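*Asks:* Quick one: the structure is below, and I'll ask about it shortly.
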Amino acid sequence: MESTAGTGQLLAISDLHIGYPENRALVEDMRPHSDEDWLIVAGDVAETVADIRWALGTLASRFRKVLWAPGNHELWTHPRDEVTLRGVARYEHLVEVCRELGVVTPEDDYPVWRGPGGPVVVAPLFLLYDYSFLPAGCATKAEGLAYAQSTGIVCNDEFLLHPDPYPTREAWCRARVAETARRLAELPGDLPTVLAGHYPLDRHPTEILWHPEFAMWCGTELTADWHRRFRVATMVYGHLHVPRTTWHDGVRFMEVSVGYPREWRKRPHPPGRLRRILPMEVEAGDGGAAPGVGRGRGGTR
């Protein structure tokens with residue numbers, strides 16, 4: 001595992017969505033505070049491989065180390081993308097792109113941050129979801145999907161995120177969870193961790209959503225104890241487009257998303273603000289959270 005010198009900051013951001021020109025401009029302006037800064041990018045960079053390559057390459061040229069965890073948008077087989085790979089093949093292609101750029105992926109050795117607040121293992125995660133965050137009153141995936149369809153809140157993953165060769169997205173999720181848990185269990189027991197994925201490990205961050213049925217596409221109950229089980233100092237995630245900090249069982253959960261221009265224009269903080277994971281930020285309130293934003297079938301989340 002690699003390390004850095006005793007200076008710098010461990011920073012994080014997610015949901016860059018650079019298909020929007022305003023968001024692409026935010027990435028063009030992103031700079032480290034020092035030559036020793038690391039940056040976690042927790043998914044939803046873009047929908048096309050070309051845009052993903054540009055954004056991660058731009059950031060990798062500026063930061064000492066960039067770590068990437070995929071979001072659902074990177075995994076879409078989008079009609080705008082010249083790369084038509086699906087499922088695992090698309091993910092593996094993106095991993096190879098990252099390795100060409102020197103970006104750490106969930107398939108690589110987890111590096112150790114030895115700067116201020118360290119040493120801490122920093123693990124980018126790719127876990128997906130298994131529809132276990134069901135709406136109230138629903139007992140099965142089928143019931144949950146039927147309820148979501150009745151409200152008009154259906155994630156575009158249902159049409160664009162293919163699990164090939166797995167039969168379902170939940171089967172792919174369970175395989176990812178099992179393999180990731182095995183790797184995390186092998187880490188040195190004396191080191192805390194920063195776990196960084198697109199989805200929160202626990203369901204509680206989804207309680208703020210205006211449309212709670214969207215939680216089905218936001219994680220899995222299989223990871224509900226990981227923040228305790230794997231000595232987590234901070235859980236970094238995105239996807240909800242509700243940037244804030246919560247505490248659960250004494251563990252800090254940080255949502256670090258940028259979101260869409262229509263969302264970040266309403267917030268008091270400047271867009272594209274890199275969140276400091278280590279050394280720990282001193283925050284007031286919840287970090288400027290905006291109300292939860294629902295996601296409709298016609299949206300792009």
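Every chain in the structure tokens has a letter given in the order shown (A, B, ...), and although residue numbers restart at 1 in each chain, ligands are simply numbered from 1 in the order shown.
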Considering only C-alpha atoms, return as a PyMOL selection string whatever protein or nucleic-acid residues lie within 8 Å of region 231-247 of chain A, sequence-local ones (same chain, fewer than 4 positions apart) excluded.
*Replies:* chain A and resi 12-15+42-44+71+191-201+205-206+209+218+226-227+251-259+263+277+286-293+301
*Asks:* Write to file, as a tab-separated table (two decimals), in the first residue's frame, the residues of the selection just made, with C-alpha atoms.
*Replies:*
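File written: part37.tsv
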chain	number	residue	atom	x	y	z
A	12	ALA	CA	-13.56	14.46	-1.55
A	13	ILE	CA	-16.23	15.32	-4.08
A	14	SER	CA	-18.85	13.42	-6.07
A	15	ASP	CA	-21.64	13.81	-8.63
A	42	ALA	CA	-17.19	9.22	-5.31
A	43	GLY	CA	-18.98	8.58	-8.58
A	44	ASP	CA	-21.24	10.13	-11.20
A	71	GLY	CA	-21.57	5.85	-9.59
A	191	LEU	CA	-5.79	0.95	11.20
A	192	PRO	CA	-9.04	2.95	10.91
A	193	THR	CA	-10.61	3.34	7.48
A	194	VAL	CA	-12.20	5.92	5.25
A	195	LEU	CA	-14.72	4.07	3.08
A	196	ALA	CA	-15.75	5.99	-0.04
A	197	GLY	CA	-18.51	4.84	-2.34
A	198	HIS	CA	-21.29	6.32	-4.39
A	199	TYR	CA	-23.98	4.97	-2.04
A	200	PRO	CA	-24.19	5.36	1.76
A	201	LEU	CA	-23.47	2.22	3.78
A	205	PRO	CA	-29.12	9.44	4.87
A	206	THR	CA	-32.04	8.65	2.54
A	209	LEU	CA	-35.42	12.55	0.38
A	218	CYS	CA	-29.44	4.00	-2.97
A	226	TRP	CA	-19.88	-1.85	8.01
A	227	HIS	CA	-19.23	1.52	9.65
A	251	VAL	CA	-19.32	7.58	12.81
A	252	ARG	CA	-19.26	10.53	10.43
A	253	PHE	CA	-21.17	10.13	7.15
A	254	MET	CA	-20.31	12.83	4.58
A	255	GLU	CA	-22.33	13.44	1.41
A	256	VAL	CA	-19.96	15.31	-0.89
A	257	SER	CA	-21.98	15.75	-4.10
A	258	VAL	CA	-22.05	18.72	-6.46
A	259	GLY	CA	-25.31	17.79	-8.19
A	263	GLU	CA	-29.73	22.24	-7.40
A	277	ILE	CA	-12.12	14.44	5.08
A	286	ASP	CA	-25.04	19.96	8.61
A	287	GLY	CA	-22.69	21.61	6.13
A	288	GLY	CA	-25.34	23.58	4.27
A	289	ALA	CA	-27.73	20.79	3.36
A	290	ALA	CA	-30.45	21.57	0.90
A	291	PRO	CA	-33.83	19.84	1.07
A	292	GLY	CA	-33.89	16.38	-0.47
A	293	VAL	CA	-34.61	16.33	-4.18
A	301	ARG	CA	-29.88	10.62	-11.96
*Asks:* Please report, as a Markdown table, each residue of region 95-204 of chain A lying at most 10 Å from region 56-61 of chain A, together with the nearest pair of atoms and the separation in Å rounded to one decimal; use only C-alpha atoms, and order rows by chain and ascending residue number.
*Replies:*
| residue | atom | partner | partner_atom | distance |
| --- | --- | --- | --- | --- |
| A:Val97 | CA | A:Leu56 | CA | 9.4 |
| A:Cys98 | CA | A:Leu56 | CA | 7.6 |
| A:Glu100 | CA | A:Gly57 | CA | 9.2 |
| A:Leu101 | CA | A:Gly57 | CA | 5.8 |
| A:Gly102 | CA | A:Ala60 | CA | 7.0 |
| A:Val103 | CA | A:Ala60 | CA | 6.6 |
| A:Val104 | CA | A:Ala60 | CA | 9.9 |
*Asks:* Could you name the residues that touch Asp29 (chain A) at 12 Å or less, counting only C-alpha atoms, but leaving out those on the same chain fewer than 6 positions away, as a short mmCIF file (atom, residue, chain, number, x, y, z; two decimals) with N, CA and C atoms, in the first residue's frame?
*Replies:*
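part_39.cif was written with the following content:
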data_model
loop_
_atom_site.label_atom_id
_atom_site.label_comp_id
_atom_site.auth_asym_id
_atom_site.auth_seq_id
_atom_site.Cartn_x
_atom_site.Cartn_y
_atom_site.Cartn_z
N GLU A 22 -21.81 24.05 -16.98
CA GLU A 22 -21.49 24.73 -15.72
C GLU A 22 -20.68 23.82 -14.80
N ASN A 23 -20.99 22.53 -14.80
CA ASN A 23 -20.26 21.60 -13.95
C ASN A 23 -18.88 21.28 -14.52
N ALA A 55 -12.31 14.22 -17.22
CA ALA A 55 -12.42 14.75 -15.85
C ALA A 55 -11.40 14.12 -14.92
N THR A 58 -7.87 15.22 -15.86
CA THR A 58 -7.61 16.59 -15.43
C THR A 58 -7.27 16.64 -13.95
N LEU A 59 -8.06 15.95 -13.14
CA LEU A 59 -7.84 15.97 -11.70
C LEU A 59 -6.55 15.22 -11.32
N ARG A 62 -3.38 17.14 -11.33
CA ARG A 62 -3.24 18.23 -10.36
C ARG A 62 -3.05 17.73 -8.93
N PRO A 271 -20.44 26.33 -5.49
CA PRO A 271 -20.47 24.99 -6.07
C PRO A 271 -19.06 24.46 -6.28
N GLY A 272 -18.95 23.12 -6.26
CA GLY A 272 -17.66 22.51 -6.51
C GLY A 272 -16.70 22.59 -5.34
N ARG A 273 -17.21 22.88 -4.14
CA ARG A 273 -16.35 22.98 -2.96
C ARG A 273 -15.85 21.59 -2.57
N LEU A 274 -14.54 21.41 -2.53
CA LEU A 274 -13.96 20.15 -2.11
C LEU A 274 -14.13 19.99 -0.61
#
*Asks:* Out of region 37-203 of chain A, which residues get helix (DSSP H, G or I) from DSSP, as a PyMOL selection string?
*Replies:* chain A and resi 49-60+72-75+87-101+141-151+157-160+169-185
*Asks:* Leaving out Arg80 (chain A) and any residue of its chain fewer than 3 positions from it, which residues lie within 9 Å of it when counting only C-alpha atoms, given as a ChimeraX atom specification?
*Replies:* /A:47-48,77,83
*Asks:* Please compute the CA of Ala215 (chain A)-CA of Glu143 (chain A) distance, one decimal, in Å.
*Replies:* 13.9 Å
*Asks:* Between CA of Leu160 (chain A) and CA of Leu85 (chain A), what is the spacing in Å?
*Replies:*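 Separation between CA of Leu85 (chain A) and CA of Leu160 (chain A): 11.4 Å.
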*Asks:* Would you please work out which residue, of A:Leu134, A:Arg53, A:Glu74, A:Asp35, is nearest to Glu96 (chain A) when using only C-alpha atoms?
*Replies:*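 Of A:Leu134, A:Arg53, A:Glu74, A:Asp35, the one nearest Glu96 (chain A), counting only C-alpha atoms, is A:Arg53.
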*Asks:* Got a sec: who's within 12 Å of region 169-178 of chain A, counting only C-alpha atoms, leaving out chain neighbours fewer than 6 positions off, as a ChimeraX atom specification?
*Replies:* /A:72,75,87-88,91,106-107,125-133,141,157-163,184-185,197,199,201,216-224,226
